[in-house]
Amino acid sequence: MADRWQNTMEHAVSAARRAGQVVCEALQDDRKVMTKSSSVDLVTQTDQKVEQLIIQSVKEKFPTHRFIGEESVAAGEVCVLTDDPTWIIDPIDGTTNFVHTFPFVAVSIAFSVNKQRSLVSAPLQVEFGVVYSCLEDKMFTARRGRGAFCNGKPLQVSGQEDIKQSVIATEFGSSRDPEAVDKIFTSLKNILCIPVHGVRGAGTAAINMCLVASGCVEAYYEIGMHIWDVAAGSLIVSEAGGVLMDVEGGAVDLMSRRIVAANNGTIAERIVKEIDAFSPPRDDDPPPQK
Ligand code: LIP
């Protein structure tokens, strides 16, 4: 059956590859670092330039499409889904890595159609996801219902059912609020002491999710990331045979800034038991009144 969005996905892949080339070239330059919500929430001119390059290239081909971009939202645009086809873009996932030349940075592009209050059961709403790990030159792709791939090779999550034989990925995020940090460390201690074989973090949610899809880690969880970090990876995990869950169990809501992405429900539910959950402001919350 003809795939309605194949042509659109191919545009996304070429846009991600071009963006990745710009990111890699910029790594050689002196990167002007700015901050957003806090002194550790970093952004560079390259983040902003790459997001605009992607958006402009899409607008030329698909003028009616809409966008949720990390840096556009940071500049004040609303983070809401409408009935229009919507591109969800993180121009550099792993900006702190980029600034410090820690070698894991990705361009993440997801494409969603049909209005949703939030991306509940995200795989049903995300039509395709593209994550380009540009320093590794790994193009991760997934088309809803048609599998997940890395550089064209099929991906399959780990078959591990025993949490004590597992490696789990997570991130500490950019919040330095003491209460949030306490909960993040409580969750980390609980999971480490199950015990699991190890805990890892690439410094980018998108690559962590691709590691789940690739079977390199059994699961990734985090509280505090954003929809643009995980929208593409959510489909890549699902199409590689994995599962998505909220940190307190139940359906994932990608606007909630909370996620568990795992190889199977057994591992996901075991992790949920250990997470000291909290609820950060949602991505689709109205901006605070000035
Ligand atoms: C990053 C996420 C990561 C999170 C960081 C940051 P960015 O995205 O990929 O999971 O822990 O705080 O949000 O800001 O590099 O695009």
# chains A, B, ... in the order shown; residues from 1 in each chain; ligands from 1
$ closest_atom_pairs --of "chain A" --to "ligand 1" --cutoff "10 Å" --atoms "only C-alpha atoms and all ligand atoms" --output "CSV"
residue,atom,partner,partner_atom_place_in_ligand_line,distance
A:Lys36,CA,ligand 1,14 (O),9.7
A:Val40,CA,ligand 1,12 (O),8.6
A:Asp41,CA,ligand 1,14 (O),6.8
A:Leu42,CA,ligand 1,14 (O),6.9
A:Val43,CA,ligand 1,14 (O),7.6
A:Asp47,CA,ligand 1,16 (O),8.7
A:Glu70,CA,ligand 1,16 (O),7.2
A:Glu71,CA,ligand 1,16 (O),9.1
A:Ile89,CA,ligand 1,16 (O),9.5
A:Asp90,CA,ligand 1,16 (O),5.9
A:Pro91,CA,ligand 1,16 (O),7.4
A:Ile92,CA,ligand 1,16 (O),5.5
A:Asp93,CA,ligand 1,16 (O),3.6
A:Gly94,CA,ligand 1,15 (O),3.3
A:Thr95,CA,ligand 1,15 (O),3.9
A:Thr96,CA,ligand 1,15 (O),5.9
A:Asn97,CA,ligand 1,15 (O),7.4
A:Phe98,CA,ligand 1,15 (O),8.3
A:Val99,CA,ligand 1,15 (O),9.8
A:Val105,CA,ligand 1,15 (O),8.0
A:Ala106,CA,ligand 1,16 (O),8.6
A:Val107,CA,ligand 1,16 (O),8.9
A:Ser108,CA,ligand 1,16 (O),9.0
A:Thr170,CA,ligand 1,10 (O),7.6
A:Glu171,CA,ligand 1,11 (O),4.6
A:Phe172,CA,ligand 1,11 (O),5.5
A:Gly173,CA,ligand 1,11 (O),3.3
A:Ser174,CA,ligand 1,12 (O),4.2
A:Ser175,CA,ligand 1,12 (O),7.4
A:Gly201,CA,ligand 1,10 (O),8.5
A:Ala202,CA,ligand 1,10 (O),8.5
A:Gly203,CA,ligand 1,3 (C),5.7
A:Thr204,CA,ligand 1,9 (O),3.5
A:Ala205,CA,ligand 1,10 (O),3.8
A:Ala206,CA,ligand 1,9 (O),6.1
A:Ile207,CA,ligand 1,9 (O),8.0
A:Asn208,CA,ligand 1,10 (O),8.0
A:Met209,CA,ligand 1,10 (O),9.6
A:Tyr220,CA,ligand 1,10 (O),9.7
A:Tyr221,CA,ligand 1,10 (O),9.1
A:Glu222,CA,ligand 1,10 (O),7.0
A:Ile223,CA,ligand 1,11 (O),8.1
A:Gly224,CA,ligand 1,11 (O),6.7
A:Met225,CA,ligand 1,13 (O),4.7
A:His226,CA,ligand 1,13 (O),6.4
A:Ile227,CA,ligand 1,13 (O),9.6
A:Trp228,CA,ligand 1,16 (O),7.6
A:Asp229,CA,ligand 1,9 (O),5.2
A:Val230,CA,ligand 1,9 (O),7.8
A:Arg257,CA,ligand 1,13 (O),9.7
$ write_last_selection --atoms "N, CA and C atoms" --output "compact mmCIF listing (two decimals), in the first residue's frame"
# COMPACT_ATOMS: atom_id res chain seq x y z
N LYS A 36 19.04 29.57 29.02
CA LYS A 36 17.60 29.77 28.90
C LYS A 36 16.96 29.83 30.29
N VAL A 40 22.31 26.41 33.75
CA VAL A 40 22.79 25.12 33.20
C VAL A 40 21.91 24.64 32.04
N ASP A 41 20.92 25.46 31.67
CA ASP A 41 20.06 25.14 30.52
C ASP A 41 20.62 25.90 29.32
N LEU A 42 21.52 25.23 28.58
CA LEU A 42 22.35 25.94 27.61
C LEU A 42 21.72 25.97 26.22
N VAL A 43 22.10 26.98 25.44
CA VAL A 43 21.71 27.07 24.04
C VAL A 43 22.83 27.81 23.32
N ASP A 47 22.28 25.90 17.73
CA ASP A 47 20.93 25.36 17.97
C ASP A 47 19.90 26.18 17.18
N GLU A 70 12.31 23.35 19.68
CA GLU A 70 12.80 23.70 21.02
C GLU A 70 13.13 25.18 21.14
N GLU A 71 13.85 25.70 20.17
CA GLU A 71 14.31 27.09 20.30
C GLU A 71 13.22 28.09 19.93
N ILE A 89 10.69 19.41 16.56
CA ILE A 89 12.12 19.48 16.19
C ILE A 89 13.00 19.82 17.38
N ASP A 90 14.03 19.02 17.59
CA ASP A 90 15.13 19.40 18.49
C ASP A 90 16.37 19.49 17.62
N PRO A 91 16.85 20.71 17.35
CA PRO A 91 17.96 20.86 16.41
C PRO A 91 19.27 20.27 16.90
N ILE A 92 19.51 20.39 18.20
CA ILE A 92 20.66 19.71 18.82
C ILE A 92 20.17 19.11 20.13
N ASP A 93 19.93 17.79 20.12
CA ASP A 93 19.61 17.14 21.38
C ASP A 93 20.95 16.72 21.99
N GLY A 94 21.23 17.32 23.18
CA GLY A 94 22.56 17.14 23.76
C GLY A 94 23.36 18.42 23.63
N THR A 95 22.70 19.54 23.85
CA THR A 95 23.40 20.83 23.69
C THR A 95 24.57 20.97 24.67
N THR A 96 24.38 20.48 25.90
CA THR A 96 25.49 20.54 26.86
C THR A 96 26.66 19.71 26.36
N ASN A 97 26.34 18.54 25.77
CA ASN A 97 27.40 17.72 25.17
C ASN A 97 28.11 18.50 24.06
N PHE A 98 27.31 19.17 23.24
CA PHE A 98 27.85 19.96 22.11
C PHE A 98 28.81 21.03 22.64
N VAL A 99 28.38 21.75 23.67
CA VAL A 99 29.21 22.84 24.22
C VAL A 99 30.53 22.30 24.77
N VAL A 105 25.68 13.93 20.13
CA VAL A 105 24.70 14.98 19.82
C VAL A 105 23.82 14.47 18.68
N ALA A 106 22.55 14.84 18.73
CA ALA A 106 21.61 14.32 17.73
C ALA A 106 20.68 15.43 17.25
N VAL A 107 20.23 15.27 16.01
CA VAL A 107 19.15 16.08 15.47
C VAL A 107 17.90 15.20 15.54
N SER A 108 16.85 15.68 16.16
CA SER A 108 15.64 14.87 16.33
C SER A 108 14.45 15.55 15.66
N THR A 170 19.43 6.87 32.02
CA THR A 170 18.66 8.01 32.51
C THR A 170 19.53 9.26 32.44
N GLU A 171 18.94 10.39 32.74
CA GLU A 171 19.66 11.67 32.77
C GLU A 171 19.28 12.43 34.02
N PHE A 172 20.20 13.29 34.47
CA PHE A 172 19.92 14.10 35.66
C PHE A 172 19.14 15.36 35.29
N GLY A 173 19.12 15.73 33.98
CA GLY A 173 18.34 16.88 33.53
C GLY A 173 18.98 18.20 33.92
N SER A 174 18.22 19.27 33.70
CA SER A 174 18.78 20.61 33.91
C SER A 174 18.18 21.32 35.13
N SER A 175 17.28 20.63 35.86
CA SER A 175 16.76 21.24 37.08
C SER A 175 17.81 21.12 38.19
N GLY A 201 24.08 7.15 30.70
CA GLY A 201 23.37 8.28 30.10
C GLY A 201 24.22 8.87 29.01
N ALA A 202 23.66 9.02 27.82
CA ALA A 202 24.41 9.59 26.69
C ALA A 202 24.43 11.11 26.76
N GLY A 203 23.54 11.68 27.60
CA GLY A 203 23.43 13.14 27.68
C GLY A 203 22.40 13.69 26.71
N THR A 204 21.71 12.79 26.02
CA THR A 204 20.65 13.18 25.08
C THR A 204 19.56 12.12 25.12
N ALA A 205 18.34 12.57 25.38
CA ALA A 205 17.21 11.65 25.46
C ALA A 205 17.03 10.88 24.16
N ALA A 206 17.19 11.58 23.05
CA ALA A 206 16.94 10.94 21.75
C ALA A 206 17.89 9.77 21.53
N ILE A 207 19.17 9.96 21.83
CA ILE A 207 20.12 8.86 21.66
C ILE A 207 19.89 7.77 22.71
N ASN A 208 19.53 8.15 23.92
CA ASN A 208 19.18 7.12 24.92
C ASN A 208 18.06 6.23 24.41
N MET A 209 17.05 6.84 23.76
CA MET A 209 15.92 6.05 23.27
C MET A 209 16.34 5.17 22.10
N TYR A 220 15.18 3.35 29.27
CA TYR A 220 15.55 4.74 29.57
C TYR A 220 14.37 5.37 30.27
N TYR A 221 14.64 6.11 31.34
CA TYR A 221 13.56 6.86 32.00
C TYR A 221 14.09 8.24 32.34
N GLU A 222 13.19 9.21 32.43
CA GLU A 222 13.57 10.56 32.83
C GLU A 222 12.35 11.35 33.20
N ILE A 223 12.52 12.28 34.11
CA ILE A 223 11.52 13.30 34.42
C ILE A 223 12.20 14.65 34.20
N GLY A 224 11.69 15.42 33.25
CA GLY A 224 12.25 16.76 33.02
C GLY A 224 12.61 17.05 31.58
N MET A 225 12.72 16.02 30.75
CA MET A 225 13.02 16.28 29.34
C MET A 225 11.78 16.89 28.68
N HIS A 226 11.82 17.18 27.41
CA HIS A 226 10.71 17.84 26.71
C HIS A 226 10.23 17.01 25.53
N ILE A 227 9.07 17.39 25.00
CA ILE A 227 8.49 16.62 23.90
C ILE A 227 9.42 16.54 22.71
N TRP A 228 10.18 17.62 22.43
CA TRP A 228 11.05 17.61 21.25
C TRP A 228 12.25 16.66 21.46
N ASP A 229 12.57 16.36 22.72
CA ASP A 229 13.66 15.42 22.99
C ASP A 229 13.27 13.98 22.69
N VAL A 230 11.99 13.65 22.85
CA VAL A 230 11.55 12.24 22.86
C VAL A 230 10.50 11.88 21.82
N ARG A 257 6.54 15.64 30.16
CA ARG A 257 7.97 15.68 30.51
C ARG A 257 8.36 14.51 31.44
$ residues_around --residues "Pro154 of chain A" --least-positions-apart "4" --cutoff "10 Å" --atoms "only C-alpha atoms" --output "PyMOL selection string"
chain A and resi 140-142+147-150+213-214+239-240
$ atom_distance --atom1 "atom CA of Val130 of chain A" --atom2 "atom CA of Ala110 of chain A"
6.2 Å
$ select_by_dssp --residues "segment 3-118 of chain A" --states "helix (DSSP H, G or I)" --output "PyMOL selection string"
chain A and resi 6-26+45-61+70-74+95-100
$ select_by_dssp --residues "segment 102-239 of chain A" --states "strand (DSSP E)" --output "number ranges by chain"
A: 106-112, 126-133, 138-143, 148-150, 153-154, 167-170, 198-200, 219-223
$ atom_distance --atom1 "atom CA of Gln56 of chain A" --atom2 "atom CA of Ala232 of chain A"
19.5 Å
$ atom_distance --atom1 "atom CA of Arg200 of chain A" --atom2 "atom CA of Asp182 of chain A"
18.7 Å
$ residues_around --residues "Ile194 of chain A" --least-positions-apart "4" --cutoff "9 Å" --atoms "only C-alpha atoms" --output "list of chain:residue names"
A:Ile163, A:Lys164, A:Lys189, A:Asn190, A:Glu274
$ residues_around --residues "Ala268 of chain A" --least-positions-apart "5" --cutoff "10 Å" --atoms "only C-alpha atoms" --output "compact mmCIF listing (two decimals) with N, CA and C atoms, in the first residue's frame"
# COMPACT_ATOMS: atom_id res chain seq x y z
N GLU A 161 14.35 -10.03 30.19
CA GLU A 161 13.17 -9.89 31.07
C GLU A 161 13.58 -9.65 32.52
N ILE A 163 15.42 -7.64 35.31
CA ILE A 163 15.96 -6.30 35.59
C ILE A 163 17.37 -6.40 36.15
N GLU A 218 18.31 -1.75 28.30
CA GLU A 218 16.95 -2.33 28.40
C GLU A 218 15.89 -1.23 28.53
N ALA A 219 16.28 -0.08 29.11
CA ALA A 219 15.26 0.97 29.29
C ALA A 219 15.95 2.31 29.50
N TYR A 220 15.18 3.35 29.27
CA TYR A 220 15.55 4.74 29.57
C TYR A 220 14.37 5.37 30.27
N TYR A 221 14.64 6.11 31.34
CA TYR A 221 13.56 6.86 32.00
C TYR A 221 14.09 8.24 32.34
N GLY A 242 9.57 -2.04 21.47
CA GLY A 242 9.60 -1.60 22.86
C GLY A 242 8.26 -1.02 23.31
N VAL A 243 8.24 -0.59 24.59
CA VAL A 243 7.02 -0.03 25.17
C VAL A 243 7.32 1.33 25.78
N LEU A 244 6.27 2.15 25.85
CA LEU A 244 6.37 3.49 26.47
C LEU A 244 5.38 3.54 27.62
N MET A 245 5.78 4.23 28.69
CA MET A 245 4.92 4.27 29.87
C MET A 245 5.19 5.57 30.63
N ASP A 246 4.20 6.04 31.36
CA ASP A 246 4.45 7.16 32.26
C ASP A 246 5.27 6.64 33.46
N VAL A 247 5.96 7.54 34.14
CA VAL A 247 6.82 7.11 35.27
C VAL A 247 6.02 6.56 36.45
N GLY A 249 3.35 4.60 35.72
CA GLY A 249 2.57 3.57 35.05
C GLY A 249 1.49 4.20 34.19
N VAL A 260 9.05 6.54 30.55
CA VAL A 260 9.81 5.29 30.63
C VAL A 260 9.72 4.64 29.26
N ALA A 261 10.85 4.38 28.64
CA ALA A 261 10.88 3.69 27.34
C ALA A 261 11.68 2.42 27.57
N ALA A 262 11.05 1.26 27.36
CA ALA A 262 11.69 0.01 27.75
C ALA A 262 11.51 -1.06 26.68
N ASN A 263 12.29 -2.12 26.81
CA ASN A 263 12.23 -3.23 25.85
C ASN A 263 10.96 -4.06 26.00
N LYS A 273 8.19 1.03 39.65
CA LYS A 273 8.09 0.79 41.10
C LYS A 273 9.16 1.55 41.88
$ closest_residue --among "A:Ala12, A:Glu248, A:Cys24, A:Thr35" --to "Ile55 of chain A" --atoms "only C-alpha atoms"
A:Ala12
